[in-house]
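Notes for the one structure printed next.
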Amino acid sequence: MTSADKITSVRLILAPIFFIVYFLPQWFPSVGSLWTVPVLWILFIIAELTDLLDGLVARSRNEVSDFGKLFDPFSDTLVRITYFLCFVVDGILPAILLMIVLYREFGILFLRTLMMKLGIAMGARSGGKLKAVTYMIAGVLALLASSIHRLSLDASVYGIVKTGAIIVFAISVVISLGSFGDYYRVYKNAKKI
C-alpha cells in the first residue's frame, strides 16, 4: 500500500466507528448523547479531510495507481453511505433518496468491474467529484441537524437545517445520476475500442 492508500484506509476504519457512536445512545440510553456531538464531528471531519488528503499525497508523490483509483471511491462510498444511513434512520433524510444513491453506487461498482475486464481502472471523473462535494455538504447539514436535536436546541432551527439537508441531498442525488450517465458513456466508448 502506498502512503495515499494508507490515508484512504482511514475512512474504512472511521465508517463503522461513526455508525456505532451515532447509535450508541439509542442502544444504551444510560451513556447519554451529548458527548456524541463533538465525537461525530471529529470523525466526520477526519473522514472528509482524508478524502482530500489522499489525492493530494498520491499526486505529489507520484503514487497514483490503478488500485488507488478504485480504493479511493470505494472508501468514499462506504463512509458516505454510513453517514446517510444514520441520518435516514434518525429521520433527517428521506430513505427514497438513499435508495437512489445506493442503486447509483452499485451501478458504478458494476461499471468499474466491467472496465477492469477491459483492462481499464476507471477513477473518479469530474461529475463524480462534484457529487462527492454535494454529498459532503448534505452530510454537514444533516450532522448539524442531528447535533441540534441531540443538544435539544431550538426545534425551528432544527427544521430549517433539516430542510436544507434534504434539499442539498436531493441536488446531490440528481448530480450523482448525471455522473452515472457520464461513467456509462466512458464505459460504452471504451467497449468500442
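We label chains A, B, ... in the order they appear in the C-alpha cells, count residues from 1 in each chain, and number ligands from 1 in the order shown.
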May I have the residues within 12 Å of Ala138 in chain A as a PDB file with all heavy atoms, in the first residue's frame, using only C-alpha atoms and disregarding those fewer than 2 positions away in the same chain?
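Result went into out.pdb, see below:
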```pdb
ATOM      1  N   ARG A  80     -19.666   7.484   3.211  1.00  0.00           N
ATOM      2  CA  ARG A  80     -20.824   8.368   2.996  1.00  0.00           C
ATOM      3  C   ARG A  80     -22.140   7.608   3.080  1.00  0.00           C
ATOM      4  O   ARG A  80     -23.122   8.135   3.598  1.00  0.00           O
ATOM      5  CB  ARG A  80     -20.672   9.109   1.671  1.00  0.00           C
ATOM      6  CG  ARG A  80     -19.525  10.124   1.794  1.00  0.00           C
ATOM      7  CD  ARG A  80     -19.435  11.068   0.654  1.00  0.00           C
ATOM      8  NE  ARG A  80     -18.369  12.019   0.931  1.00  0.00           N
ATOM      9  CZ  ARG A  80     -17.290  12.172   0.181  1.00  0.00           C
ATOM     10  NH1 ARG A  80     -17.132  11.450  -0.913  1.00  0.00           N
ATOM     11  NH2 ARG A  80     -16.372  13.060   0.497  1.00  0.00           N
ATOM     12  N   ILE A  81     -22.172   6.377   2.620  1.00  0.00           N
ATOM     13  CA  ILE A  81     -23.381   5.559   2.782  1.00  0.00           C
ATOM     14  C   ILE A  81     -23.643   5.344   4.272  1.00  0.00           C
ATOM     15  O   ILE A  81     -24.792   5.356   4.725  1.00  0.00           O
ATOM     16  CB  ILE A  81     -23.236   4.211   2.048  1.00  0.00           C
ATOM     17  CG1 ILE A  81     -23.195   4.423   0.533  1.00  0.00           C
ATOM     18  CG2 ILE A  81     -24.345   3.245   2.431  1.00  0.00           C
ATOM     19  CD1 ILE A  81     -24.427   5.042  -0.071  1.00  0.00           C
ATOM     20  N   TYR A  83     -22.862   7.467   6.753  1.00  0.00           N
ATOM     21  CA  TYR A  83     -23.458   8.710   7.261  1.00  0.00           C
ATOM     22  C   TYR A  83     -24.935   8.772   6.895  1.00  0.00           C
ATOM     23  O   TYR A  83     -25.789   9.020   7.735  1.00  0.00           O
ATOM     24  CB  TYR A  83     -22.843   9.969   6.628  1.00  0.00           C
ATOM     25  CG  TYR A  83     -21.383  10.229   6.769  1.00  0.00           C
ATOM     26  CD1 TYR A  83     -20.723  11.016   5.827  1.00  0.00           C
ATOM     27  CD2 TYR A  83     -20.652   9.741   7.840  1.00  0.00           C
ATOM     28  CE1 TYR A  83     -19.384  11.293   5.939  1.00  0.00           C
ATOM     29  CE2 TYR A  83     -19.312  10.013   7.948  1.00  0.00           C
ATOM     30  CZ  TYR A  83     -18.668  10.795   7.004  1.00  0.00           C
ATOM     31  OH  TYR A  83     -17.349  11.077   7.114  1.00  0.00           O
ATOM     32  N   PHE A  84     -25.182   8.589   5.605  1.00  0.00           N
ATOM     33  CA  PHE A  84     -26.550   8.764   5.119  1.00  0.00           C
ATOM     34  C   PHE A  84     -27.515   7.761   5.738  1.00  0.00           C
ATOM     35  O   PHE A  84     -28.655   8.096   6.036  1.00  0.00           O
ATOM     36  CB  PHE A  84     -26.595   8.706   3.594  1.00  0.00           C
ATOM     37  CG  PHE A  84     -25.871   9.842   2.912  1.00  0.00           C
ATOM     38  CD1 PHE A  84     -25.214   9.649   1.707  1.00  0.00           C
ATOM     39  CD2 PHE A  84     -25.845  11.113   3.470  1.00  0.00           C
ATOM     40  CE1 PHE A  84     -24.553  10.691   1.078  1.00  0.00           C
ATOM     41  CE2 PHE A  84     -25.183  12.169   2.859  1.00  0.00           C
ATOM     42  CZ  PHE A  84     -24.540  11.953   1.653  1.00  0.00           C
ATOM     43  N   PHE A  87     -28.448   9.076   9.090  1.00  0.00           N
ATOM     44  CA  PHE A  87     -29.360  10.211   9.001  1.00  0.00           C
ATOM     45  C   PHE A  87     -30.764   9.785   8.555  1.00  0.00           C
ATOM     46  O   PHE A  87     -31.750  10.375   8.976  1.00  0.00           O
ATOM     47  CB  PHE A  87     -28.799  11.278   8.061  1.00  0.00           C
ATOM     48  CG  PHE A  87     -27.443  11.805   8.472  1.00  0.00           C
ATOM     49  CD1 PHE A  87     -26.466  12.086   7.528  1.00  0.00           C
ATOM     50  CD2 PHE A  87     -27.135  12.009   9.813  1.00  0.00           C
ATOM     51  CE1 PHE A  87     -25.219  12.573   7.897  1.00  0.00           C
ATOM     52  CE2 PHE A  87     -25.885  12.488  10.199  1.00  0.00           C
ATOM     53  CZ  PHE A  87     -24.926  12.773   9.234  1.00  0.00           C
ATOM     54  N   ILE A  92     -33.803  12.248   9.488  1.00  0.00           N
ATOM     55  CA  ILE A  92     -33.343  13.535   8.964  1.00  0.00           C
ATOM     56  C   ILE A  92     -33.421  13.550   7.439  1.00  0.00           C
ATOM     57  O   ILE A  92     -33.866  14.528   6.847  1.00  0.00           O
ATOM     58  CB  ILE A  92     -31.916  13.846   9.457  1.00  0.00           C
ATOM     59  CG1 ILE A  92     -31.916  13.991  10.984  1.00  0.00           C
ATOM     60  CG2 ILE A  92     -31.361  15.101   8.783  1.00  0.00           C
ATOM     61  CD1 ILE A  92     -30.547  14.035  11.614  1.00  0.00           C
ATOM     62  N   LEU A  93     -32.998  12.470   6.808  1.00  0.00           N
ATOM     63  CA  LEU A  93     -33.025  12.386   5.351  1.00  0.00           C
ATOM     64  C   LEU A  93     -34.032  11.325   4.915  1.00  0.00           C
ATOM     65  O   LEU A  93     -34.239  10.337   5.622  1.00  0.00           O
ATOM     66  CB  LEU A  93     -31.635  12.031   4.810  1.00  0.00           C
ATOM     67  CG  LEU A  93     -30.528  13.062   5.051  1.00  0.00           C
ATOM     68  CD1 LEU A  93     -29.200  12.544   4.524  1.00  0.00           C
ATOM     69  CD2 LEU A  93     -30.868  14.402   4.422  1.00  0.00           C
ATOM     70  N   LEU A  97     -34.239   8.790  -1.227  1.00  0.00           N
ATOM     71  CA  LEU A  97     -33.021   9.376  -1.799  1.00  0.00           C
ATOM     72  C   LEU A  97     -31.815   8.480  -1.539  1.00  0.00           C
ATOM     73  O   LEU A  97     -30.955   8.319  -2.406  1.00  0.00           O
ATOM     74  CB  LEU A  97     -32.788  10.780  -1.247  1.00  0.00           C
ATOM     75  CG  LEU A  97     -33.828  11.834  -1.632  1.00  0.00           C
ATOM     76  CD1 LEU A  97     -33.493  13.181  -1.006  1.00  0.00           C
ATOM     77  CD2 LEU A  97     -33.959  11.959  -3.142  1.00  0.00           C
ATOM     78  N   LEU A  98     -31.768   7.887  -0.354  1.00  0.00           N
ATOM     79  CA  LEU A  98     -30.665   6.962  -0.059  1.00  0.00           C
ATOM     80  C   LEU A  98     -30.723   5.760  -0.991  1.00  0.00           C
ATOM     81  O   LEU A  98     -29.685   5.290  -1.464  1.00  0.00           O
ATOM     82  CB  LEU A  98     -30.705   6.508   1.403  1.00  0.00           C
ATOM     83  CG  LEU A  98     -29.648   5.459   1.784  1.00  0.00           C
ATOM     84  CD1 LEU A  98     -28.234   5.986   1.561  1.00  0.00           C
ATOM     85  CD2 LEU A  98     -29.826   5.022   3.224  1.00  0.00           C
ATOM     86  N   LYS A 131     -20.261  15.396  -7.304  1.00  0.00           N
ATOM     87  CA  LYS A 131     -21.193  14.622  -6.483  1.00  0.00           C
ATOM     88  C   LYS A 131     -20.648  14.471  -5.068  1.00  0.00           C
ATOM     89  O   LYS A 131     -21.366  14.654  -4.084  1.00  0.00           O
ATOM     90  CB  LYS A 131     -21.429  13.246  -7.112  1.00  0.00           C
ATOM     91  CG  LYS A 131     -22.224  12.308  -6.240  1.00  0.00           C
ATOM     92  CD  LYS A 131     -21.714  10.874  -6.261  1.00  0.00           C
ATOM     93  CE  LYS A 131     -20.266  10.737  -5.992  1.00  0.00           C
ATOM     94  NZ  LYS A 131     -19.799   9.511  -5.403  1.00  0.00           N
ATOM     95  N   ALA A 132     -19.356  14.173  -4.962  1.00  0.00           N
ATOM     96  CA  ALA A 132     -18.736  13.994  -3.644  1.00  0.00           C
ATOM     97  C   ALA A 132     -18.819  15.271  -2.810  1.00  0.00           C
ATOM     98  O   ALA A 132     -19.075  15.216  -1.608  1.00  0.00           O
ATOM     99  CB  ALA A 132     -17.280  13.557  -3.804  1.00  0.00           C
ATOM    100  N   VAL A 133     -18.623  16.408  -3.450  1.00  0.00           N
ATOM    101  CA  VAL A 133     -18.705  17.694  -2.731  1.00  0.00           C
ATOM    102  C   VAL A 133     -20.129  17.925  -2.227  1.00  0.00           C
ATOM    103  O   VAL A 133     -20.334  18.314  -1.075  1.00  0.00           O
ATOM    104  CB  VAL A 133     -18.241  18.872  -3.623  1.00  0.00           C
ATOM    105  CG1 VAL A 133     -18.562  20.206  -2.985  1.00  0.00           C
ATOM    106  CG2 VAL A 133     -16.746  18.765  -3.902  1.00  0.00           C
ATOM    107  N   THR A 134     -21.125  17.666  -3.074  1.00  0.00           N
ATOM    108  CA  THR A 134     -22.509  17.876  -2.636  1.00  0.00           C
ATOM    109  C   THR A 134     -22.921  16.848  -1.585  1.00  0.00           C
ATOM    110  O   THR A 134     -23.678  17.170  -0.673  1.00  0.00           O
ATOM    111  CB  THR A 134     -23.493  17.876  -3.818  1.00  0.00           C
ATOM    112  OG1 THR A 134     -23.386  16.644  -4.536  1.00  0.00           O
ATOM    113  CG2 THR A 134     -23.245  19.052  -4.736  1.00  0.00           C
ATOM    114  N   TYR A 135     -22.402  15.616  -1.682  1.00  0.00           N
ATOM    115  CA  TYR A 135     -22.646  14.626  -0.629  1.00  0.00           C
ATOM    116  C   TYR A 135     -22.102  15.154   0.697  1.00  0.00           C
ATOM    117  O   TYR A 135     -22.729  15.032   1.740  1.00  0.00           O
ATOM    118  CB  TYR A 135     -21.951  13.300  -0.943  1.00  0.00           C
ATOM    119  CG  TYR A 135     -22.670  12.344  -1.848  1.00  0.00           C
ATOM    120  CD1 TYR A 135     -23.864  12.666  -2.502  1.00  0.00           C
ATOM    121  CD2 TYR A 135     -22.139  11.084  -2.083  1.00  0.00           C
ATOM    122  CE1 TYR A 135     -24.493  11.759  -3.342  1.00  0.00           C
ATOM    123  CE2 TYR A 135     -22.772  10.168  -2.911  1.00  0.00           C
ATOM    124  CZ  TYR A 135     -23.943  10.512  -3.537  1.00  0.00           C
ATOM    125  OH  TYR A 135     -24.557   9.604  -4.363  1.00  0.00           O
ATOM    126  N   MET A 136     -20.892  15.713   0.646  1.00  0.00           N
ATOM    127  CA  MET A 136     -20.259  16.222   1.861  1.00  0.00           C
ATOM    128  C   MET A 136     -21.072  17.365   2.465  1.00  0.00           C
ATOM    129  O   MET A 136     -21.304  17.404   3.671  1.00  0.00           O
ATOM    130  CB  MET A 136     -18.830  16.679   1.556  1.00  0.00           C
ATOM    131  CG  MET A 136     -18.025  17.064   2.780  1.00  0.00           C
ATOM    132  SD  MET A 136     -18.039  18.827   3.184  1.00  0.00           S
ATOM    133  CE  MET A 136     -17.444  19.559   1.693  1.00  0.00           C
ATOM    134  N   VAL A 140     -22.807  17.508   6.071  1.00  0.00           N
ATOM    135  CA  VAL A 140     -22.583  18.564   7.069  1.00  0.00           C
ATOM    136  C   VAL A 140     -23.920  19.067   7.612  1.00  0.00           C
ATOM    137  O   VAL A 140     -24.110  19.193   8.830  1.00  0.00           O
ATOM    138  CB  VAL A 140     -21.766  19.734   6.474  1.00  0.00           C
ATOM    139  CG1 VAL A 140     -21.831  20.965   7.360  1.00  0.00           C
ATOM    140  CG2 VAL A 140     -20.318  19.325   6.265  1.00  0.00           C
ATOM    141  N   LEU A 141     -24.855  19.352   6.703  1.00  0.00           N
ATOM    142  CA  LEU A 141     -26.158  19.873   7.139  1.00  0.00           C
ATOM    143  C   LEU A 141     -26.939  18.844   7.949  1.00  0.00           C
ATOM    144  O   LEU A 141     -27.565  19.178   8.963  1.00  0.00           O
ATOM    145  CB  LEU A 141     -26.971  20.344   5.927  1.00  0.00           C
ATOM    146  CG  LEU A 141     -26.444  21.587   5.226  1.00  0.00           C
ATOM    147  CD1 LEU A 141     -27.189  21.837   3.926  1.00  0.00           C
ATOM    148  CD2 LEU A 141     -26.522  22.802   6.139  1.00  0.00           C
ATOM    149  N   ALA A 142     -26.900  17.579   7.517  1.00  0.00           N
ATOM    150  CA  ALA A 142     -27.615  16.532   8.255  1.00  0.00           C
ATOM    151  C   ALA A 142     -26.987  16.319   9.625  1.00  0.00           C
ATOM    152  O   ALA A 142     -27.702  16.143  10.627  1.00  0.00           O
ATOM    153  CB  ALA A 142     -27.627  15.235   7.459  1.00  0.00           C
ATOM    154  N   LEU A 143     -25.648  16.356   9.708  1.00  0.00           N
ATOM    155  CA  LEU A 143     -24.989  16.198  11.004  1.00  0.00           C
ATOM    156  C   LEU A 143     -25.276  17.406  11.897  1.00  0.00           C
ATOM    157  O   LEU A 143     -25.438  17.256  13.112  1.00  0.00           O
ATOM    158  CB  LEU A 143     -23.481  15.998  10.823  1.00  0.00           C
ATOM    159  CG  LEU A 143     -22.682  15.701  12.094  1.00  0.00           C
ATOM    160  CD1 LEU A 143     -23.248  14.503  12.865  1.00  0.00           C
ATOM    161  CD2 LEU A 143     -21.214  15.465  11.750  1.00  0.00           C
ATOM    162  N   LEU A 144     -25.374  18.579  11.297  1.00  0.00           N
ATOM    163  CA  LEU A 144     -25.740  19.771  12.058  1.00  0.00           C
ATOM    164  C   LEU A 144     -27.152  19.614  12.624  1.00  0.00           C
ATOM    165  O   LEU A 144     -27.407  19.917  13.793  1.00  0.00           O
ATOM    166  CB  LEU A 144     -25.628  21.020  11.183  1.00  0.00           C
ATOM    167  CG  LEU A 144     -25.929  22.356  11.853  1.00  0.00           C
ATOM    168  CD1 LEU A 144     -25.022  22.595  13.059  1.00  0.00           C
ATOM    169  CD2 LEU A 144     -25.785  23.494  10.840  1.00  0.00           C
ATOM    170  N   ALA A 145     -28.083  19.114  11.812  1.00  0.00           N
ATOM    171  CA  ALA A 145     -29.451  18.871  12.286  1.00  0.00           C
ATOM    172  C   ALA A 145     -29.447  17.851  13.420  1.00  0.00           C
ATOM    173  O   ALA A 145     -30.114  18.043  14.448  1.00  0.00           O
ATOM    174  CB  ALA A 145     -30.340  18.390  11.137  1.00  0.00           C
ATOM    175  N   VAL A 161     -32.597  23.557   9.237  1.00  0.00           N
ATOM    176  CA  VAL A 161     -31.357  22.866   8.849  1.00  0.00           C
ATOM    177  C   VAL A 161     -31.690  21.520   8.196  1.00  0.00           C
ATOM    178  O   VAL A 161     -31.087  21.136   7.188  1.00  0.00           O
ATOM    179  CB  VAL A 161     -30.422  22.688  10.065  1.00  0.00           C
ATOM    180  CG1 VAL A 161     -29.212  21.840   9.700  1.00  0.00           C
ATOM    181  CG2 VAL A 161     -29.979  24.043  10.602  1.00  0.00           C
ATOM    182  N   LYS A 162     -32.676  20.818   8.764  1.00  0.00           N
ATOM    183  CA  LYS A 162     -33.097  19.528   8.188  1.00  0.00           C
ATOM    184  C   LYS A 162     -33.609  19.724   6.761  1.00  0.00           C
ATOM    185  O   LYS A 162     -33.249  18.961   5.859  1.00  0.00           O
ATOM    186  CB  LYS A 162     -34.179  18.902   9.062  1.00  0.00           C
ATOM    187  CG  LYS A 162     -34.717  17.603   8.525  1.00  0.00           C
ATOM    188  CD  LYS A 162     -35.805  17.041   9.421  1.00  0.00           C
ATOM    189  CE  LYS A 162     -36.490  15.860   8.770  1.00  0.00           C
ATOM    190  NZ  LYS A 162     -37.562  15.314   9.586  1.00  0.00           N
ATOM    191  N   THR A 163     -34.411  20.753   6.540  1.00  0.00           N
ATOM    192  CA  THR A 163     -34.920  21.043   5.195  1.00  0.00           C
ATOM    193  C   THR A 163     -33.771  21.345   4.241  1.00  0.00           C
ATOM    194  O   THR A 163     -33.743  20.862   3.102  1.00  0.00           O
ATOM    195  CB  THR A 163     -35.918  22.221   5.238  1.00  0.00           C
ATOM    196  OG1 THR A 163     -37.006  21.868   6.104  1.00  0.00           O
ATOM    197  CG2 THR A 163     -36.445  22.555   3.855  1.00  0.00           C
ATOM    198  N   GLY A 164     -32.803  22.127   4.717  1.00  0.00           N
ATOM    199  CA  GLY A 164     -31.620  22.417   3.900  1.00  0.00           C
ATOM    200  C   GLY A 164     -30.858  21.155   3.544  1.00  0.00           C
ATOM    201  O   GLY A 164     -30.408  20.981   2.401  1.00  0.00           O
ATOM    202  N   ALA A 165     -30.732  20.243   4.516  1.00  0.00           N
ATOM    203  CA  ALA A 165     -30.027  18.978   4.278  1.00  0.00           C
ATOM    204  C   ALA A 165     -30.751  18.157   3.211  1.00  0.00           C
ATOM    205  O   ALA A 165     -30.123  17.585   2.315  1.00  0.00           O
ATOM    206  CB  ALA A 165     -29.906  18.188   5.575  1.00  0.00           C
ATOM    207  N   ILE A 166     -32.073  18.119   3.297  1.00  0.00           N
ATOM    208  CA  ILE A 166     -32.852  17.353   2.317  1.00  0.00           C
ATOM    209  C   ILE A 166     -32.701  17.950   0.923  1.00  0.00           C
ATOM    210  O   ILE A 166     -32.510  17.223  -0.060  1.00  0.00           O
ATOM    211  CB  ILE A 166     -34.337  17.291   2.738  1.00  0.00           C
ATOM    212  CG1 ILE A 166     -34.487  16.459   4.017  1.00  0.00           C
ATOM    213  CG2 ILE A 166     -35.199  16.713   1.614  1.00  0.00           C
ATOM    214  CD1 ILE A 166     -35.858  16.547   4.669  1.00  0.00           C
ATOM    215  N   ILE A 167     -32.766  19.283   0.834  1.00  0.00           N
ATOM    216  CA  ILE A 167     -32.633  19.942  -0.472  1.00  0.00           C
ATOM    217  C   ILE A 167     -31.261  19.666  -1.087  1.00  0.00           C
ATOM    218  O   ILE A 167     -31.153  19.277  -2.261  1.00  0.00           O
ATOM    219  CB  ILE A 167     -32.891  21.462  -0.348  1.00  0.00           C
ATOM    220  CG1 ILE A 167     -34.365  21.711  -0.027  1.00  0.00           C
ATOM    221  CG2 ILE A 167     -32.460  22.206  -1.607  1.00  0.00           C
ATOM    222  CD1 ILE A 167     -34.686  23.129   0.404  1.00  0.00           C
ATOM    223  N   VAL A 168     -30.205  19.826  -0.301  1.00  0.00           N
ATOM    224  CA  VAL A 168     -28.852  19.586  -0.825  1.00  0.00           C
ATOM    225  C   VAL A 168     -28.675  18.110  -1.168  1.00  0.00           C
ATOM    226  O   VAL A 168     -28.050  17.762  -2.188  1.00  0.00           O
ATOM    227  CB  VAL A 168     -27.768  20.067   0.165  1.00  0.00           C
ATOM    228  CG1 VAL A 168     -26.379  19.677  -0.310  1.00  0.00           C
ATOM    229  CG2 VAL A 168     -27.857  21.569   0.353  1.00  0.00           C
ATOM    230  N   PHE A 169     -29.233  17.235  -0.341  1.00  0.00           N
ATOM    231  CA  PHE A 169     -29.135  15.802  -0.627  1.00  0.00           C
ATOM    232  C   PHE A 169     -29.852  15.474  -1.934  1.00  0.00           C
ATOM    233  O   PHE A 169     -29.337  14.712  -2.758  1.00  0.00           O
ATOM    234  CB  PHE A 169     -29.700  14.995   0.543  1.00  0.00           C
ATOM    235  CG  PHE A 169     -29.375  13.526   0.500  1.00  0.00           C
ATOM    236  CD1 PHE A 169     -28.116  13.066   0.166  1.00  0.00           C
ATOM    237  CD2 PHE A 169     -30.342  12.582   0.818  1.00  0.00           C
ATOM    238  CE1 PHE A 169     -27.810  11.712   0.138  1.00  0.00           C
ATOM    239  CE2 PHE A 169     -30.059  11.224   0.797  1.00  0.00           C
ATOM    240  CZ  PHE A 169     -28.787  10.788   0.451  1.00  0.00           C
ATOM    241  N   ALA A 170     -31.024  16.060  -2.148  1.00  0.00           N
ATOM    242  CA  ALA A 170     -31.766  15.833  -3.402  1.00  0.00           C
ATOM    243  C   ALA A 170     -30.957  16.333  -4.598  1.00  0.00           C
ATOM    244  O   ALA A 170     -30.885  15.658  -5.640  1.00  0.00           O
ATOM    245  CB  ALA A 170     -33.125  16.520  -3.342  1.00  0.00           C
ATOM    246  N   ILE A 171     -30.334  17.492  -4.458  1.00  0.00           N
ATOM    247  CA  ILE A 171     -29.483  18.023  -5.532  1.00  0.00           C
ATOM    248  C   ILE A 171     -28.316  17.073  -5.791  1.00  0.00           C
ATOM    249  O   ILE A 171     -27.977  16.783  -6.943  1.00  0.00           O
ATOM    250  CB  ILE A 171     -28.987  19.438  -5.183  1.00  0.00           C
ATOM    251  CG1 ILE A 171     -30.149  20.431  -5.198  1.00  0.00           C
ATOM    252  CG2 ILE A 171     -27.867  19.887  -6.128  1.00  0.00           C
ATOM    253  CD1 ILE A 171     -29.826  21.781  -4.591  1.00  0.00           C
ATOM    254  N   SER A 172     -27.716  16.563  -4.716  1.00  0.00           N
ATOM    255  CA  SER A 172     -26.582  15.652  -4.876  1.00  0.00           C
ATOM    256  C   SER A 172     -27.005  14.357  -5.566  1.00  0.00           C
ATOM    257  O   SER A 172     -26.232  13.781  -6.334  1.00  0.00           O
ATOM    258  CB  SER A 172     -25.916  15.363  -3.525  1.00  0.00           C
ATOM    259  OG  SER A 172     -26.721  14.546  -2.715  1.00  0.00           O
ATOM    260  N   VAL A 173     -28.236  13.919  -5.309  1.00  0.00           N
ATOM    261  CA  VAL A 173     -28.737  12.714  -5.968  1.00  0.00           C
ATOM    262  C   VAL A 173     -28.879  12.958  -7.465  1.00  0.00           C
ATOM    263  O   VAL A 173     -28.490  12.119  -8.284  1.00  0.00           O
ATOM    264  CB  VAL A 173     -30.069  12.255  -5.335  1.00  0.00           C
ATOM    265  CG1 VAL A 173     -30.742  11.183  -6.177  1.00  0.00           C
ATOM    266  CG2 VAL A 173     -29.826  11.732  -3.916  1.00  0.00           C
TER     267      VAL A 173
END
```
| request: Run DSSP on the backbone and give me the residues of range 48-122 of chain A it puts in helix (DSSP H, G or I), as an MDAnalysis selection string. | output: chainID A and resid 48:60 66:89 95:117
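Between CA of Ile96 in chain A and CA of Ser9 in chain A lies a distance of 28.9 Å.
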| A:Ile148, A:Val157, A:Leu109, A:Leu177 ranked by distance to Pro38 in chain A, top pick (using only C-alpha atoms) | A:Ile148
Per residue of range 72-141 of chain A within 8 Å of range 42-53 of chain A, what are the shortest atom pair and its distance in Å to one decimal, counting only C-alpha atoms, with rows by chain and residue number, as a tab-separated table?
```
residue	atom	partner	partner_atom	distance
A:Asp72	CA	A:Asp51	CA	7.7
A:Asp76	CA	A:Asp51	CA	7.1
A:Val79	CA	A:Ala47	CA	7.6
A:Met136	CA	A:Glu48	CA	7.5
```
Would you pick out the contacts of Leu12 in chain A at 8 Å or less, using only C-alpha atoms, so that residues sharing its chain but fewer than 4 positions from it are not included, and give the list as a PDB file with N, CA, C and O atoms, in the first residue's frame?
```pdb
ATOM      1  N   THR A   8      -6.332   6.648   2.688  1.00  0.00           N
ATOM      2  CA  THR A   8      -7.669   6.240   2.242  1.00  0.00           C
ATOM      3  C   THR A   8      -8.274   5.213   3.188  1.00  0.00           C
ATOM      4  O   THR A   8      -9.462   5.263   3.496  1.00  0.00           O
ATOM      5  N   PRO A  16     -17.442   2.398  10.409  1.00  0.00           N
ATOM      6  CA  PRO A  16     -18.169   1.681  11.464  1.00  0.00           C
ATOM      7  C   PRO A  16     -18.105   2.375  12.820  1.00  0.00           C
ATOM      8  O   PRO A  16     -19.045   2.273  13.615  1.00  0.00           O
ATOM      9  N   SER A  75     -13.836   3.619  -0.697  1.00  0.00           N
ATOM     10  CA  SER A  75     -13.812   4.127   0.678  1.00  0.00           C
ATOM     11  C   SER A  75     -14.750   5.313   0.851  1.00  0.00           C
ATOM     12  O   SER A  75     -15.448   5.418   1.865  1.00  0.00           O
ATOM     13  N   LEU A  78     -18.311   3.964   0.973  1.00  0.00           N
ATOM     14  CA  LEU A  78     -18.599   3.263   2.227  1.00  0.00           C
ATOM     15  C   LEU A  78     -18.853   4.239   3.370  1.00  0.00           C
ATOM     16  O   LEU A  78     -19.838   4.112   4.109  1.00  0.00           O
ATOM     17  N   VAL A  79     -18.005   5.247   3.508  1.00  0.00           N
ATOM     18  CA  VAL A  79     -18.170   6.180   4.625  1.00  0.00           C
ATOM     19  C   VAL A  79     -19.405   7.058   4.432  1.00  0.00           C
ATOM     20  O   VAL A  79     -20.153   7.306   5.381  1.00  0.00           O
TER      21      VAL A  79
END
```
| What lies within 10 Å of Gly181 in chain A using only C-alpha atoms, ignoring chain neighbours under 4 positions off, as number ranges by chain? | A: 104, 108, 127, 175-177, 185-187
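Counting from CA of Ser60 in chain A, the distance to CA of Asp182 in chain A is 27.2 Å.
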Please, which residues in range 27-133 of chain A fall within 8 Å of range 2-5 of chain A when counting only C-alpha atoms, and what is the closest atom pair and distance in Å to one decimal for each, ordered by chain then residue number, as CSV?
```
residue,atom,partner,partner_atom,distance
A:Leu53,CA,A:Ala4,CA,7.8
A:Asp54,CA,A:Ala4,CA,4.6
A:Gly55,CA,A:Ala4,CA,6.9
A:Val57,CA,A:Ala4,CA,5.6
A:Ala58,CA,A:Ala4,CA,5.2
A:Glu63,CA,A:Thr2,CA,6.7
A:Gly68,CA,A:Asp5,CA,6.2
A:Phe71,CA,A:Asp5,CA,7.5
A:Asp72,CA,A:Asp5,CA,7.6
```
Export of prior selection with C-alpha atoms as an mmCIF file, in the first residue's frame:
```
data_model
loop_
_atom_site.group_PDB
_atom_site.id
_atom_site.type_symbol
_atom_site.label_atom_id
_atom_site.label_comp_id
_atom_site.auth_asym_id
_atom_site.auth_seq_id
_atom_site.Cartn_x
_atom_site.Cartn_y
_atom_site.Cartn_z
ATOM 1 C CA LEU A 53 -5.525 14.482 1.527
ATOM 2 C CA ASP A 54 -5.144 11.063 -0.108
ATOM 3 C CA GLY A 55 -5.475 12.529 -3.592
ATOM 4 C CA VAL A 57 -0.475 12.818 -1.453
ATOM 5 C CA ALA A 58 -0.930 10.441 -4.389
ATOM 6 C CA GLU A 63 1.697 7.326 -6.270
ATOM 7 C CA GLY A 68 -5.885 3.733 -5.635
ATOM 8 C CA PHE A 71 -9.873 2.041 -3.484
ATOM 9 C CA ASP A 72 -10.488 5.770 -3.013
#
```
| query | Distance CA of Arg11 in chain A-CA of Pro73 in chain A, one decimal place? | reply |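 One can read the CA of Arg11 in chain A to CA of Pro73 in chain A distance as 10.7 Å.
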